[in-house]
>>> print(open('target09.tsv').read())   # TSV, C-alpha atoms and all ligand atoms
chain	number	residue	atom	x	y	z
A	5	MET	CA	100.72	122.28	78.08
A	6	ASN	CA	97.73	123.91	79.75
A	7	VAL	CA	95.55	121.43	81.56
A	8	HIS	CA	92.46	123.48	80.75
A	9	PRO	CA	92.87	125.60	77.60
A	10	LEU	CA	90.20	128.21	76.96
A	11	PRO	CA	87.86	127.58	74.02
A	12	PRO	CA	88.80	129.50	70.82
A	13	SER	CA	85.59	131.56	71.15
A	14	ALA	CA	87.07	133.17	74.27
A	15	LEU	CA	89.64	134.93	72.12
A	16	LYS	CA	87.48	136.78	69.64
A	17	GLY	CA	88.31	140.47	69.54
A	18	GLU	CA	89.49	143.41	67.50
A	19	GLY	CA	91.91	146.31	67.74
A	20	MET	CA	93.72	146.47	71.04
A	21	THR	CA	91.85	143.40	72.25
A	22	SER	CA	93.52	141.41	69.48
A	23	GLN	CA	96.02	138.60	69.53
A	24	ARG	CA	98.69	141.08	68.42
A	25	ALA	CA	98.27	143.11	71.62
A	26	ARG	CA	98.52	139.93	73.69
A	27	ASP	CA	101.63	138.85	71.78
A	28	ARG	CA	103.28	142.20	72.58
A	29	LEU	CA	102.44	141.74	76.26
A	30	ALA	CA	103.98	138.26	76.19
A	31	VAL	CA	107.23	139.67	74.75
A	32	LYS	CA	107.27	142.36	77.44
A	33	LEU	CA	106.83	139.80	80.22
A	34	LYS	CA	109.76	137.83	78.86
A	35	ASP	CA	111.88	140.98	78.56
A	36	GLU	CA	111.06	141.78	82.17
A	37	GLY	CA	112.32	138.46	83.49
A	38	ILE	CA	109.38	136.04	83.43
A	39	ARG	CA	110.90	132.66	82.57
A	40	ASP	CA	108.10	130.10	82.82
A	41	GLN	CA	106.89	129.66	79.24
A	42	ARG	CA	103.68	127.93	80.42
A	43	VAL	CA	102.73	131.08	82.31
A	44	ILE	CA	103.60	133.37	79.39
A	45	ASP	CA	101.53	131.20	77.02
A	46	VAL	CA	98.52	131.27	79.32
A	47	ILE	CA	98.68	135.06	79.68
A	48	ARG	CA	99.04	135.37	75.90
A	49	ASN	CA	95.84	133.34	75.51
A	50	THR	CA	93.73	134.94	78.25
A	51	PRO	CA	91.39	137.75	77.18
A	52	ARG	CA	92.20	140.30	79.93
A	53	HIS	CA	89.75	142.77	78.36
A	54	HIS	CA	86.91	140.50	79.56
A	55	PHE	CA	87.86	141.34	83.14
A	56	ILE	CA	87.59	145.13	82.95
A	57	ASP	CA	85.06	147.77	82.02
A	58	GLN	CA	84.59	148.42	78.30
A	59	ALA	CA	85.88	151.99	78.69
A	60	LEU	CA	89.29	150.54	79.59
A	61	HIS	CA	89.47	147.89	76.88
A	62	SER	CA	92.11	149.77	74.88
A	63	ARG	CA	94.43	149.47	77.90
A	64	ALA	CA	93.73	145.80	78.66
A	65	TYR	CA	97.12	144.54	77.44
A	66	GLU	CA	99.24	147.29	78.95
A	67	ASN	CA	101.46	146.06	81.73
A	68	THR	CA	99.57	148.03	84.39
A	69	ALA	CA	97.02	147.49	87.14
A	70	LEU	CA	93.57	148.87	86.22
A	71	PRO	CA	90.49	149.79	88.30
A	72	ILE	CA	87.66	147.23	88.56
A	73	GLY	CA	85.30	149.25	90.78
A	74	HIS	CA	84.73	149.18	94.55
A	75	GLY	CA	88.18	150.76	94.99
A	76	GLN	CA	89.86	147.55	93.79
A	77	THR	CA	92.20	146.76	90.89
A	78	ILE	CA	93.04	143.95	88.49
A	79	SER	CA	96.74	143.27	89.10
A	80	GLN	CA	99.51	144.22	86.69
A	81	PRO	CA	100.15	141.34	84.23
A	82	TRP	CA	103.83	141.12	85.24
A	83	VAL	CA	102.79	140.64	88.87
A	84	VAL	CA	100.24	137.96	87.92
A	85	ALA	CA	102.95	136.21	85.87
A	86	ARG	CA	105.59	136.46	88.60
A	87	MET	CA	103.26	135.17	91.32
A	88	THR	CA	102.01	132.32	89.14
A	89	GLU	CA	105.51	131.22	88.15
A	90	ALA	CA	106.64	131.43	91.80
A	91	LEU	CA	103.76	129.12	92.81
A	92	LEU	CA	104.59	126.52	90.15
A	93	GLU	CA	108.39	126.51	90.45
A	94	PHE	CA	108.71	123.44	92.70
A	95	GLY	CA	106.14	121.27	90.94
A	96	MET	CA	102.52	121.39	89.90
A	97	PRO	CA	100.16	122.07	92.83
A	98	GLN	CA	96.87	120.13	92.63
A	99	LYS	CA	94.75	122.45	94.79
A	100	VAL	CA	95.37	126.19	94.86
A	101	LEU	CA	93.64	128.71	97.14
A	102	GLU	CA	93.44	132.37	96.09
A	103	ILE	CA	92.47	135.09	98.57
A	104	GLY	CA	91.05	138.12	96.71
A	105	THR	CA	89.18	137.02	93.57
A	106	GLY	CA	88.69	140.62	92.38
A	107	SER	CA	88.04	140.51	88.63
A	108	GLY	CA	88.77	136.78	88.49
A	109	TYR	CA	91.75	137.22	86.12
A	110	GLN	CA	94.39	135.61	88.35
A	111	ALA	CA	92.04	132.71	89.08
A	112	VAL	CA	91.48	132.18	85.34
A	113	VAL	CA	95.23	132.23	84.66
A	114	LEU	CA	95.74	129.62	87.40
A	115	ALA	CA	92.80	127.48	86.31
A	116	GLN	CA	94.42	126.94	82.91
A	117	LEU	CA	97.53	125.54	84.60
A	118	VAL	CA	96.48	123.61	87.71
A	119	PRO	CA	93.72	121.04	88.31
A	120	GLN	CA	91.65	122.91	90.92
A	121	VAL	CA	91.39	126.56	92.00
A	122	TYR	CA	89.50	127.81	95.08
A	123	THR	CA	89.05	131.56	95.36
A	124	VAL	CA	87.58	133.76	98.10
A	125	GLU	CA	86.35	137.37	97.73
A	126	ARG	CA	84.82	139.65	100.39
A	127	ILE	CA	82.95	142.00	97.97
A	128	GLU	CA	79.86	140.18	96.71
A	129	GLU	CA	79.36	142.23	93.55
A	130	LEU	CA	82.94	141.61	92.36
A	131	LEU	CA	82.51	137.89	93.02
A	132	ARG	CA	79.25	137.83	91.06
A	133	GLN	CA	80.97	139.38	88.03
A	134	ALA	CA	83.97	137.06	88.34
A	135	ARG	CA	81.69	134.00	88.45
A	136	ARG	CA	79.97	135.16	85.28
A	137	ARG	CA	83.39	135.38	83.57
A	138	PHE	CA	84.37	131.88	84.74
A	139	ARG	CA	81.15	130.54	83.21
A	140	GLN	CA	81.56	132.50	79.96
A	141	LEU	CA	85.12	131.19	79.56
A	142	GLY	CA	83.92	127.64	80.11
A	143	LEU	CA	86.15	127.00	83.13
A	144	SER	CA	84.64	124.48	85.51
A	145	ASN	CA	87.64	123.94	87.81
A	146	ILE	CA	87.23	127.16	89.81
A	147	ARG	CA	85.21	127.14	93.02
A	148	SER	CA	84.52	130.49	94.61
A	149	ARG	CA	83.18	131.72	97.90
A	150	HIS	CA	81.93	135.00	99.38
A	151	ASP	CA	83.76	135.28	102.69
A	152	ASP	CA	86.55	136.92	104.63
A	153	GLY	CA	89.62	135.36	103.03
A	154	LYS	CA	91.61	135.91	106.23
A	155	LEU	CA	89.84	132.76	107.35
A	156	GLY	CA	90.98	130.82	104.28
A	157	TRP	CA	88.65	127.99	103.19
A	158	ALA	CA	88.88	125.50	106.06
A	159	ASP	CA	86.55	122.86	104.62
A	160	GLU	CA	88.78	122.40	101.57
A	161	ALA	CA	92.17	122.56	103.31
A	162	PRO	CA	94.97	121.61	102.99
A	163	PHE	CA	96.07	123.43	99.84
A	164	ASP	CA	99.28	122.70	97.93
A	165	ALA	CA	99.59	126.36	97.08
A	166	ILE	CA	98.06	129.60	98.36
A	167	ILE	CA	98.16	133.03	96.71
A	168	LEU	CA	97.04	136.25	98.36
A	169	THR	CA	96.29	139.12	96.00
A	170	ALA	CA	95.79	141.78	98.68
A	171	ALA	CA	98.43	142.95	101.15
A	172	GLY	CA	98.36	142.69	104.94
A	173	ASP	CA	101.00	143.27	107.63
A	174	ALA	CA	101.42	139.52	107.94
A	175	ILE	CA	100.00	136.27	106.57
A	176	PRO	CA	96.82	135.47	108.54
A	177	HIS	CA	97.36	132.46	110.83
A	178	ALA	CA	94.25	130.64	109.62
A	179	VAL	CA	95.53	130.86	106.03
A	180	LEU	CA	99.00	129.57	106.88
A	181	ASP	CA	97.43	126.70	108.83
A	182	GLN	CA	95.66	125.60	105.63
A	183	LEU	CA	98.88	125.23	103.64
A	184	SER	CA	100.05	121.65	103.21
A	185	PRO	CA	103.32	120.83	105.06
A	186	THR	CA	105.32	121.10	101.83
A	187	GLY	CA	103.09	123.74	100.23
A	188	VAL	CA	104.03	127.09	98.68
A	189	LEU	CA	102.46	130.44	99.54
A	190	VAL	CA	102.98	133.69	97.63
A	191	ALA	CA	101.73	137.00	98.99
A	192	PRO	CA	102.37	140.73	99.17
A	193	VAL	CA	103.18	141.77	102.75
A	194	GLY	CA	103.69	145.21	104.26
A	195	SER	CA	102.17	148.67	104.54
A	196	PRO	CA	100.51	150.45	101.58
A	197	SER	CA	103.71	152.42	100.89
A	198	ASN	CA	106.19	149.57	101.38
A	199	GLN	CA	105.18	146.10	100.24
A	200	THR	CA	107.25	143.08	99.36
A	201	LEU	CA	106.17	139.99	97.48
A	202	ILE	CA	107.19	137.03	99.60
A	203	ARG	CA	107.19	133.29	99.07
A	204	MET	CA	106.96	130.80	101.92
A	205	ARG	CA	107.65	127.13	101.41
A	206	GLY	CA	106.87	124.45	103.97
A	207	ASP	CA	109.82	122.22	104.84
A	208	GLY	CA	107.56	119.30	105.78
A	209	GLN	CA	108.47	119.63	109.49
A	210	GLY	CA	106.16	122.53	110.30
A	211	ASP	CA	108.65	125.29	109.47
A	212	PHE	CA	108.72	127.64	106.49
A	213	VAL	CA	111.52	128.96	104.35
A	214	GLN	CA	110.76	132.56	103.40
A	215	GLU	CA	112.12	134.51	100.42
A	216	GLU	CA	111.56	138.04	99.15
A	217	LEU	CA	110.73	138.11	95.43
A	218	ALA	CA	110.00	141.73	94.46
A	219	ALA	CA	108.73	145.13	95.54
A	220	VAL	CA	105.01	145.38	94.73
A	221	SER	CA	101.92	147.54	95.26
A	222	PHE	CA	98.60	145.83	96.12
A	223	VAL	CA	95.30	146.96	97.58
A	224	PRO	CA	94.94	146.18	101.31
A	225	LEU	CA	93.77	142.89	102.75
A	226	LEU	CA	90.68	143.92	104.73
A	227	GLY	CA	88.71	142.07	107.38
A	228	GLY	CA	85.07	140.96	107.27
A	229	ILE	CA	82.85	140.80	104.19
A	230	GLY	CA	81.90	143.82	102.07
A	301	LIG	N1	93.28	138.62	91.96
A	301	LIG	C1	92.54	139.80	91.57
A	301	LIG	C2	93.13	141.03	92.21
A	301	LIG	C3	92.07	141.80	92.87
A	301	LIG	S1	92.53	143.09	93.98
A	301	LIG	C4	92.42	139.91	90.07
A	301	LIG	O1	93.04	139.12	89.35
A	301	LIG	O2	91.67	140.77	89.59
A	301	LIG	C5	92.38	142.27	95.54
A	301	LIG	C6	91.02	141.76	95.91
A	301	LIG	O3	91.15	141.27	97.26
A	301	LIG	C7	89.90	142.80	95.95
A	301	LIG	O4	88.85	142.38	95.14
A	301	LIG	C8	89.48	142.84	97.42
A	301	LIG	O5	88.09	143.04	97.62
A	301	LIG	C9	89.91	141.47	97.90
A	301	LIG	N2	90.10	141.34	99.34
A	301	LIG	C10	90.69	142.19	100.21
A	301	LIG	N3	90.66	141.71	101.46
A	301	LIG	C11	90.03	140.49	101.39
A	301	LIG	C12	89.67	139.50	102.33
A	301	LIG	N4	89.94	139.62	103.65
A	301	LIG	N5	89.04	138.41	101.89
A	301	LIG	C13	88.72	138.23	100.58
A	301	LIG	N6	89.03	139.14	99.64
A	301	LIG	C14	89.68	140.27	100.03
>>> encode(input="target09.tsv", output="structure tokens")
Amino acid sequence: MNVHPLPPSALKGEGMTSQRARDRLAVKLKDEGIRDQRVIDVIRNTPRHHFIDQALHSRAYENTALPIGHGQTISQPWVVARMTEALLEFGMPQKVLEIGTGSGYQAVVLAQLVPQVYTVERIEELLRQARRRFRQLGLSNIRSRHDDGKLGWADEAPFDAIILTAAGDAIPHAVLDQLSPTGVLVAPVGSPSNQTLIRMRGDGQGDFVQEELAAVSFVPLLGGIG
């Protein structure tokens, strides 16, 4: 059960923005190995076309990343699903930090599943648009901040779960320091041509167990604000 379902008015649409297109995407995610039905249901009920330019609406429910301006992309639905299910696998996190708000889609998927989402974006214009979408969808459990996400969000730490949606060579120290001792972090790590989705899980003693989940392709984690 979603803790914060979107209002029915969020799902109005026609043609390729219809429920049928979302249902097809949900089947594809299942076929491609996504197992958490809560995550599949949330993606089925989230209007991804609201997060991209009108010219791309006919492609909103394809399983591909799409441009959102400023050289950035909205992630592929399968990747959003895989990262979300990996974050929730060991129990429901109460406070989740996302680095890289982008279109706001991943934050909106999370906000329907967990009590509180914090998201940080370095490009002000993208954040402004994402905030408008959060308001339009009636979600009040997302807090967002214009900042360099490599610094995390110290005032709100610790977080039970952290998700990075841009890839760096390593997880920034400040971000890892803000993970609770038994928290879960999911992030793409590596160079632009060779990235791996990793999950780190705190063992409660200050150490982390690290796993590799998939090969992925994300935009780079940059420093400073844009
Ligand atoms: N989660 C997004 C994916 C956006 S792409 C979505 O669902 O649409 C990754 C985003 O990370 C871009 O918007 C980019 O500007 C942002 N980003 C890159 N480096 C960052 C940093 N150091 N701090 C905050 N955001 C960053």
>>> closest_residue(input="target09.tsv", among="A:Gln76, A:Asn198, A:Asn67, A:Gln116", to="Arg42 (chain A)", atoms="all atoms listed in the file")
A:Gln116
>>> axis_aligned_box(input="target09.tsv", around="ligand LIG 301 (chain A)", padding_each_side="6 Å", output="AutoDock Vina command-line options")
--center_x 90.7 --center_y 140.7 --center_z 96.5 --size_x 17.2 --size_y 16.9 --size_z 26.3
>>> closest_atom_pairs(input="target09.tsv", of="chain A", to="ligand LIG 301 (chain A)", cutoff="8 Å", atoms="only C-alpha atoms and all ligand atoms", output="Markdown table")
| residue | atom | partner | partner_atom | distance |
| --- | --- | --- | --- | --- |
| A:Phe55 | CA | A:LIG301 | O2 | 7.5 |
| A:Ile72 | CA | A:LIG301 | O2 | 7.7 |
| A:His74 | CA | A:LIG301 | O5 | 7.6 |
| A:Gln76 | CA | A:LIG301 | S1 | 5.2 |
| A:Thr77 | CA | A:LIG301 | S1 | 4.8 |
| A:Ile78 | CA | A:LIG301 | O2 | 3.6 |
| A:Ser79 | CA | A:LIG301 | C2 | 5.3 |
| A:Val84 | CA | A:LIG301 | O1 | 7.4 |
| A:Glu102 | CA | A:LIG301 | N1 | 7.5 |
| A:Ile103 | CA | A:LIG301 | C13 | 5.3 |
| A:Gly104 | CA | A:LIG301 | O3 | 3.2 |
| A:Thr105 | CA | A:LIG301 | N1 | 4.7 |
| A:Gly106 | CA | A:LIG301 | O4 | 3.3 |
| A:Ser107 | CA | A:LIG301 | O2 | 3.8 |
| A:Gly108 | CA | A:LIG301 | O1 | 4.9 |
| A:Tyr109 | CA | A:LIG301 | O1 | 4.0 |
| A:Gln110 | CA | A:LIG301 | O1 | 3.9 |
| A:Ala111 | CA | A:LIG301 | O1 | 6.5 |
| A:Val124 | CA | A:LIG301 | C13 | 5.2 |
| A:Glu125 | CA | A:LIG301 | N6 | 3.7 |
| A:Arg126 | CA | A:LIG301 | C13 | 4.2 |
| A:Ile127 | CA | A:LIG301 | O5 | 5.3 |
| A:Leu130 | CA | A:LIG301 | O4 | 6.6 |
| A:His150 | CA | A:LIG301 | C13 | 7.6 |
| A:Asp151 | CA | A:LIG301 | C13 | 6.1 |
| A:Asp152 | CA | A:LIG301 | N5 | 4.0 |
| A:Gly153 | CA | A:LIG301 | N5 | 3.3 |
| A:Lys154 | CA | A:LIG301 | N4 | 4.8 |
| A:Leu155 | CA | A:LIG301 | N4 | 7.8 |
| A:Leu168 | CA | A:LIG301 | N1 | 7.8 |
| A:Thr169 | CA | A:LIG301 | C5 | 5.0 |
| A:Ala170 | CA | A:LIG301 | C5 | 4.7 |
| A:Ala171 | CA | A:LIG301 | C10 | 7.8 |
| A:Phe222 | CA | A:LIG301 | S1 | 7.0 |
| A:Val223 | CA | A:LIG301 | C5 | 5.9 |
| A:Pro224 | CA | A:LIG301 | C10 | 5.9 |
| A:Leu225 | CA | A:LIG301 | N3 | 3.6 |
| A:Leu226 | CA | A:LIG301 | N3 | 3.9 |
| A:Gly227 | CA | A:LIG301 | N4 | 4.6 |
| A:Gly228 | CA | A:LIG301 | N4 | 6.2 |
| A:Ile229 | CA | A:LIG301 | N5 | 7.0 |
| A:Gly230 | CA | A:LIG301 | O5 | 7.7 |
>>> atom_distance(input="target09.tsv", atom1="CA of Lys34 (chain A)", atom2="CA of Arg86 (chain A)")
10.7 Å
>>> closest_residue(input="target09.tsv", among="A:Ser195, A:Glu128, A:Val190, A:His8", to="Gln214 (chain A)", atoms="only C-alpha atoms")
A:Val190
>>> atom_distance(input="target09.tsv", atom1="CA of Gly142 (chain A)", atom2="CA of Arg48 (chain A)")
17.5 Å
>>> closest_residue(input="target09.tsv", among="A:Gly172, A:Pro185, A:Pro97, A:Pro12", to="Gly210 (chain A)", atoms="only C-alpha atoms")
A:Pro185
>>> residues_around(input="target09.tsv", residues="Phe138 (chain A)", least_positions_apart="2", cutoff="10 Å", atoms="all atoms listed in the file", output="ChimeraX atom specification")
/A:108-109,111-112,115,133-136,140-148
>>> residues_around(input="target09.tsv", residues="Val193 (chain A)", least_positions_apart="4", cutoff="7 Å", atoms="all atoms listed in the file", output="JSON, numbers by chain")
{"A": [171, 172, 173, 174, 199, 200, 201, 202]}
>>> closest_residue(input="target09.tsv", among="A:Val100, A:Leu189, A:Ala14, A:Ala59", to="Val213 (chain A)", atoms="only C-alpha atoms")
A:Leu189
>>> build_atoms(input="target09.tsv", residues="region 90-124 of chain A", atoms="N, CA and C atoms", output="compact mmCIF listing (two decimals), in the coordinates of the input")
# COMPACT_ATOMS: atom_id res chain seq x y z
N ALA A 90 106.07 131.73 90.47
CA ALA A 90 106.64 131.43 91.80
C ALA A 90 105.88 130.29 92.48
N LEU A 91 104.58 130.20 92.22
CA LEU A 91 103.76 129.12 92.81
C LEU A 91 104.07 127.76 92.18
N LEU A 92 104.43 127.78 90.89
CA LEU A 92 104.59 126.52 90.15
C LEU A 92 106.03 126.00 90.12
N GLU A 93 106.96 126.79 90.65
CA GLU A 93 108.39 126.51 90.45
C GLU A 93 108.86 125.16 90.99
N PHE A 94 108.23 124.69 92.07
CA PHE A 94 108.71 123.44 92.70
C PHE A 94 107.88 122.23 92.31
N GLY A 95 107.00 122.39 91.33
CA GLY A 95 106.14 121.27 90.94
C GLY A 95 104.71 121.76 90.82
N MET A 96 103.88 120.96 90.19
CA MET A 96 102.52 121.39 89.90
C MET A 96 101.60 121.18 91.10
N PRO A 97 101.10 122.26 91.72
CA PRO A 97 100.16 122.07 92.83
C PRO A 97 98.81 121.55 92.31
N GLN A 98 98.17 120.66 93.06
CA GLN A 98 96.87 120.13 92.63
C GLN A 98 95.73 121.06 93.03
N LYS A 99 95.82 121.58 94.25
CA LYS A 99 94.75 122.45 94.79
C LYS A 99 95.35 123.79 95.18
N VAL A 100 94.84 124.86 94.57
CA VAL A 100 95.37 126.19 94.86
C VAL A 100 94.26 127.05 95.46
N LEU A 101 94.57 127.75 96.54
CA LEU A 101 93.64 128.71 97.14
C LEU A 101 94.09 130.12 96.81
N GLU A 102 93.17 130.95 96.30
CA GLU A 102 93.44 132.37 96.09
C GLU A 102 92.59 133.18 97.06
N ILE A 103 93.21 134.15 97.74
CA ILE A 103 92.47 135.09 98.57
C ILE A 103 92.41 136.42 97.82
N GLY A 104 91.20 136.87 97.46
CA GLY A 104 91.05 138.12 96.71
C GLY A 104 90.77 137.86 95.25
N THR A 105 89.57 137.35 94.95
CA THR A 105 89.18 137.02 93.57
C THR A 105 89.22 138.25 92.66
N GLY A 106 88.74 139.39 93.17
CA GLY A 106 88.69 140.62 92.38
C GLY A 106 87.97 140.39 91.07
N SER A 107 88.65 140.69 89.95
CA SER A 107 88.04 140.51 88.63
C SER A 107 87.93 139.04 88.23
N GLY A 108 88.73 138.19 88.87
CA GLY A 108 88.77 136.78 88.49
C GLY A 108 89.92 136.44 87.54
N TYR A 109 90.69 137.45 87.13
CA TYR A 109 91.75 137.22 86.12
C TYR A 109 92.83 136.25 86.62
N GLN A 110 93.34 136.51 87.82
CA GLN A 110 94.39 135.61 88.35
C GLN A 110 93.86 134.18 88.49
N ALA A 111 92.62 134.06 88.93
CA ALA A 111 92.04 132.71 89.08
C ALA A 111 91.96 132.01 87.72
N VAL A 112 91.60 132.76 86.69
CA VAL A 112 91.48 132.18 85.34
C VAL A 112 92.86 131.79 84.79
N VAL A 113 93.87 132.60 85.07
CA VAL A 113 95.23 132.23 84.66
C VAL A 113 95.62 130.92 85.35
N LEU A 114 95.39 130.83 86.65
CA LEU A 114 95.74 129.62 87.40
C LEU A 114 94.95 128.40 86.91
N ALA A 115 93.67 128.62 86.65
CA ALA A 115 92.80 127.48 86.31
C ALA A 115 93.18 126.82 84.99
N GLN A 116 93.95 127.54 84.16
CA GLN A 116 94.42 126.94 82.91
C GLN A 116 95.68 126.10 83.13
N LEU A 117 96.25 126.21 84.33
CA LEU A 117 97.53 125.54 84.60
C LEU A 117 97.44 124.43 85.64
N VAL A 118 96.55 124.58 86.60
CA VAL A 118 96.48 123.61 87.71
C VAL A 118 95.11 122.92 87.69
N PRO A 119 95.00 121.75 88.35
CA PRO A 119 93.72 121.04 88.31
C PRO A 119 92.56 121.77 89.00
N GLN A 120 92.80 122.38 90.18
CA GLN A 120 91.65 122.91 90.92
C GLN A 120 92.00 124.23 91.62
N VAL A 121 91.19 125.25 91.38
CA VAL A 121 91.39 126.56 92.00
C VAL A 121 90.20 126.86 92.92
N TYR A 122 90.50 127.33 94.12
CA TYR A 122 89.50 127.81 95.08
C TYR A 122 89.79 129.28 95.29
N THR A 123 88.78 130.13 95.20
CA THR A 123 89.05 131.56 95.36
C THR A 123 87.99 132.21 96.24
N VAL A 124 88.45 133.13 97.11
CA VAL A 124 87.58 133.76 98.10
C VAL A 124 87.63 135.27 97.90
